[in-house]
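To keep things clear, I will list the structure first and then write my remarks on it.
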Amino acid sequence: MDKEQVRNLAKLARIELKDEEAENLTHEFEAILDYVGEVKEVTDNFTPPSSGGASKLTTDDTLRNVFREDSNPHETGIYTKAVLEQAPMKAGNYIKVKKIL
Amino acid sequence: MINLSRLTIKSAREALKKNEFSAHELVETYLETIKEKDVDLFAFLEVFEDALEQADEADKKIANREDLPLLGIPMAIKDNMLIKDRRVTAGSKILENFFSPIDGTAIKKLKDAGAIIIGRTNMDEFAMGSSTENSAYGVTKNPYDPSRVAGGSSGGSAAAVAANFALAALGSDTGGSIRQPAAFCGVVGFKPTYGRVSRSGLIALGSSLDQIGPFTKTVGDTETIYNVLKGKDILDSTTIADETFPPKKKFSKTIGIPREFVNARGIDESVKKNFEEAVNKFKSLGYEVRDVELKYIKYSLAVYYIIMPAEASSNLARFDGVKYGLHKDGKTSIEDYFQTRGEGFGRETRRRIILGTYVLSSGYYDEYYGSALSLKKLITKELRDVFEEVDFILTPTTPTPAFKVGEKTKDPLSMYLADIFTVPANIAGVPSISIPSGLDGNLPLGIELTADLGREDNLFIAGKEFLGE
């Protein structure tokens, strides 16, 4: 990992980064990635008894939908005031943002 | 004057019922202790001004012979749980002026059970850390030795219980953030099975790992709070009901030790010695202790430092300076994002968000995130298989006693290694409890019992026996 790569990742994450921090992160990430990289070695060398490849491990036949039905909404507007109070910029009952286009 | 150091939830409830003291007197005593000692420790970010009014409300209910499990019990709350109309910062500047419009489910349940919420406690920013040194507001010190850390990320909650600032506290545990500070501060710290306690109103770090749990002085008190908190919640679709995991084996007082894992490099001699003493104590209590082989458990921390930052990078995308929290004004809206997040997030938070962005980015996703998810399954399966033979896995809670303030801040990886024994329970979703197991000099140590999914009951039995409750 190099400094440019760190800068690009920070840009993707919408985080302003000082030059010195980008430099430090480059070294820290090398150590961290070296440590966590061992997961790849394990999964590469793993073969489940009955089937081939680690990718098989990520399919889960116990997955099921836990979402509730999209129904019974609360009364419109009952939380608006409390939520808007936390917004940094607002106009009437709206959160205000800068022009995008 | 009430003797706070001997007091437990159980004994306080009895005393309140018998009118030996009032909730008002009890809260007053805690507030005086906080005023006198928290200047040095900094467990609290805020002590609530209306704590005595809450106590008066509790006294009215006690006078009416209401009997709620936590009625009149002063509790401290980690500052990442939403309490209605209170400031909630998650230890971050980005939420410095945020006030919660709602009570999180766990908080609502505490209030319904009669608890008095005495204040909000310090924590590593967004629960990212193992020492509470990453708080934007200052470092929480260890009550046993203020030159040392209280642990983290729920360091304020652990210190508050240890220093008699509250009878109990709530923390959140993503990779050990309840159990590790509990061990450092000599109190009981408990992470329930993933999904047993609603995360609604908990500011998210790693959503597939986060779980709320209590800090107390006894295992019995932990059980009391757990019984208040647990249960299915429509506001958190990952919550599970009581019968979700039927027992796979009958309780037989058997403990497994992953010997290779416990003997790994970097474990203090004092910790190893204390651990062997704990093993002997369990044997003398009639437990069968045997070594078990867990091939994959040692990879838990590596898996954790991929999954957690990945989830954090996604969870923390919501802090954009638009809807709530800090807003820094740039020339364009995208500049607003960069400046708000660059200034609002602290160093460790920035580090983990960027790391998470990396492991999820195209070209690295399979190598890191995909592999970590596969390995998470292996670790979980291996652990669950072992729980068909033994009731518990026993390890030390931490590889060392509390370290010095500043000792690990320059080297993130060395800080991460403080969670080596606590992380596996989060990876596998299983319940795990840290219990005080003695002192190294003047510093507390803890042992950690981990059980199969849904086997909290066994943890409470063994924990109580170990502490002689």
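Each chain of the structure tokens is named A, B, ... in the order shown, its residues numbered from 1; ligands are numbered from 1 in display order.
For Val83 of chain A, the non-local neighbours within 9 Å, defined as residues at least 3 positions apart in the same chain or in other chains and counting only C-alpha atoms, are A:Tyr79, A:Thr80, A:Gln86, A:Ala87, B:Ser100, B:Pro101, B:Lys323, B:Tyr324.
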Find the residues of chain B in contact range of chain A, meaning any atom within 6 Å when counting only C-alpha atoms, and list them as a PDB file with N, CA and C atoms, in the first residue's frame.
ATOM      1  N   PRO B 101     -33.622  11.984  20.355  1.00  0.00           N
ATOM      2  CA  PRO B 101     -35.075  12.140  20.360  1.00  0.00           C
ATOM      3  C   PRO B 101     -35.807  10.915  20.929  1.00  0.00           C
ATOM      4  N   SER B 237     -34.244  -6.458  13.971  1.00  0.00           N
ATOM      5  CA  SER B 237     -34.626  -7.722  13.336  1.00  0.00           C
ATOM      6  C   SER B 237     -33.639  -8.853  13.632  1.00  0.00           C
ATOM      7  N   ALA B 302      -7.788 -11.729  13.497  1.00  0.00           N
ATOM      8  CA  ALA B 302      -7.559 -11.294  12.111  1.00  0.00           C
ATOM      9  C   ALA B 302      -8.887 -11.148  11.377  1.00  0.00           C
ATOM     10  N   LYS B 323     -27.876  15.497   8.432  1.00  0.00           N
ATOM     11  CA  LYS B 323     -29.093  15.165   9.182  1.00  0.00           C
ATOM     12  C   LYS B 323     -28.976  15.545  10.665  1.00  0.00           C
ATOM     13  N   TYR B 324     -27.781  15.348  11.233  1.00  0.00           N
ATOM     14  CA  TYR B 324     -27.561  15.670  12.648  1.00  0.00           C
ATOM     15  C   TYR B 324     -26.062  15.702  12.890  1.00  0.00           C
ATOM     16  N   SER B 333     -21.179  20.908  -1.517  1.00  0.00           N
ATOM     17  CA  SER B 333     -21.707  19.928  -0.571  1.00  0.00           C
ATOM     18  C   SER B 333     -20.711  18.794  -0.341  1.00  0.00           C
ATOM     19  N   PHE B 338     -16.249  16.160   3.339  1.00  0.00           N
ATOM     20  CA  PHE B 338     -14.826  15.946   3.623  1.00  0.00           C
ATOM     21  C   PHE B 338     -14.405  16.657   4.902  1.00  0.00           C
ATOM     22  N   GLN B 339     -14.841  17.909   5.050  1.00  0.00           N
ATOM     23  CA  GLN B 339     -14.413  18.693   6.216  1.00  0.00           C
ATOM     24  C   GLN B 339     -15.102  18.218   7.491  1.00  0.00           C
ATOM     25  N   ARG B 341     -16.315  15.235   8.205  1.00  0.00           N
ATOM     26  CA  ARG B 341     -15.822  13.919   8.620  1.00  0.00           C
ATOM     27  C   ARG B 341     -14.340  13.951   8.984  1.00  0.00           C
ATOM     28  N   GLY B 342     -13.574  14.771   8.274  1.00  0.00           N
ATOM     29  CA  GLY B 342     -12.146  14.903   8.581  1.00  0.00           C
ATOM     30  C   GLY B 342     -11.928  15.489   9.970  1.00  0.00           C
ATOM     31  N   ILE B 354     -11.127   4.027   6.867  1.00  0.00           N
ATOM     32  CA  ILE B 354     -10.331   3.888   5.640  1.00  0.00           C
ATOM     33  C   ILE B 354      -9.918   2.433   5.433  1.00  0.00           C
ATOM     34  N   SER B 371     -12.831 -13.838   2.458  1.00  0.00           N
ATOM     35  CA  SER B 371     -12.090 -14.841   3.235  1.00  0.00           C
ATOM     36  C   SER B 371     -12.459 -14.772   4.704  1.00  0.00           C
ATOM     37  N   SER B 374     -15.743 -16.470   5.355  1.00  0.00           N
ATOM     38  CA  SER B 374     -15.604 -17.923   5.311  1.00  0.00           C
ATOM     39  C   SER B 374     -14.999 -18.454   6.607  1.00  0.00           C
TER      40      SER B 374
END
Find the residues around Gly176 of chain B up to 9 Å (only C-alpha atoms counted), leave out those fewer than 6 positions away in its own chain, and share them as an MDAnalysis selection string.
chainID B and resid 130 152:153 191 397 419:423 425:426
Judged by only C-alpha atoms, the minimum distance to Glu23 of chain A among A:Leu63, A:Lys3, A:Thr76, A:Gly92 is found for A:Lys3
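Running DSSP on the backbone and keeping only strand (DSSP E), the residues of chain A that qualify are Lys90, Ala91, Tyr94 and Ile95 of chain A.
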Go ahead and write the selection's residues with C-alpha atoms as a PDB file, in the first residue's frame.
ATOM      1  CA  LYS A  90     -33.081  23.521   7.815  1.00  0.00           C
ATOM      2  CA  ALA A  91     -35.751  25.449   5.938  1.00  0.00           C
ATOM      3  CA  TYR A  94     -37.058  20.363   5.452  1.00  0.00           C
ATOM      4  CA  ILE A  95     -33.386  19.618   5.984  1.00  0.00           C
TER       5      ILE A  95
END
* In segment 8-95 of chain A, DSSP alpha helix (DSSP H) residues written as a VMD selection string -> chain A and resid 8 to 12 19 to 36 38 to 44 80 to 84
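The gap separating atom CA of Arg352 of chain B from atom CA of Ile77 of chain B is 24.5 Å, in Å to one decimal.
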*asked:* Using only C-alpha atoms, which protein or nucleic acid residues come within 10 Å of Ile203 of chain B? Drop anything in the same chain fewer than 2 positions from it, and give the result as a count of residues only.
replied: 20
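One finds atom CA of Pro214 of chain B at 6.1 Å from atom CA of Gly189 of chain B.
The gap separating atom CA of Leu294 of chain B from atom CA of Phe261 of chain B is 8.1 Å, in Å to one decimal.
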Tell me, counting only C-alpha atoms, for each residue of segment 79-175 of chain B within 12 Å of segment 443-467 of chain B, which pair of atoms is nearest and how far apart they are in Å to one decimal, in rows ordered by chain and increasing number, as a tab-separated table.
residue	atom	partner	partner_atom	distance
B:Asn142	CA	B:Leu443	CA	9.3
B:Pro143	CA	B:Leu443	CA	9.6
B:Tyr144	CA	B:Leu443	CA	6.3
B:Asp145	CA	B:Leu443	CA	7.5
B:Pro146	CA	B:Leu443	CA	11.0
B:Ser147	CA	B:Leu443	CA	11.5
B:Arg148	CA	B:Leu443	CA	9.5
B:Val149	CA	B:Leu443	CA	11.0
B:Ala150	CA	B:Pro444	CA	10.7
B:Gly151	CA	B:Pro444	CA	11.6
B:Ala162	CA	B:Pro444	CA	10.5
With distances taken over only C-alpha atoms, the candidate from A:Asn45, A:Asp2, A:Asp70, A:Arg64 nearest Glu30 of chain A is A:Asp2
**OP:** Find the spatial neighbours of Val292 of chain B, counting only C-alpha atoms, within a cut-off of 6 Å - ignore same-chain residues fewer than 4 positions away - and output them as number ranges by chain.
**Re:** B: 256-258
Can I get the selection written as a JSON list (two decimals), in the first residue's frame, with N, CA and C atoms?
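As a result, out.json now contains:
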[["chain", "number", "residue", "atom", "x", "y", "z"],
["B", 256, "GLY", "N", -13.62, -26.86, 28.82],
["B", 256, "GLY", "CA", -12.55, -27.12, 27.86],
["B", 256, "GLY", "C", -11.57, -25.96, 27.80],
["B", 257, "ILE", "N", -10.29, -26.30, 27.72],
["B", 257, "ILE", "CA", -9.26, -25.26, 27.60],
["B", 257, "ILE", "C", -8.56, -25.40, 26.25],
["B", 258, "PRO", "N", -8.65, -24.39, 25.40],
["B", 258, "PRO", "CA", -7.90, -24.42, 24.14],
["B", 258, "PRO", "C", -6.43, -24.13, 24.44]]
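Among the candidate residues B:Glu96, B:Asp103, B:Asp391, B:Asp56, the one lying nearest to Ser22 of chain B is B:Asp56, with distances computed using only C-alpha atoms.
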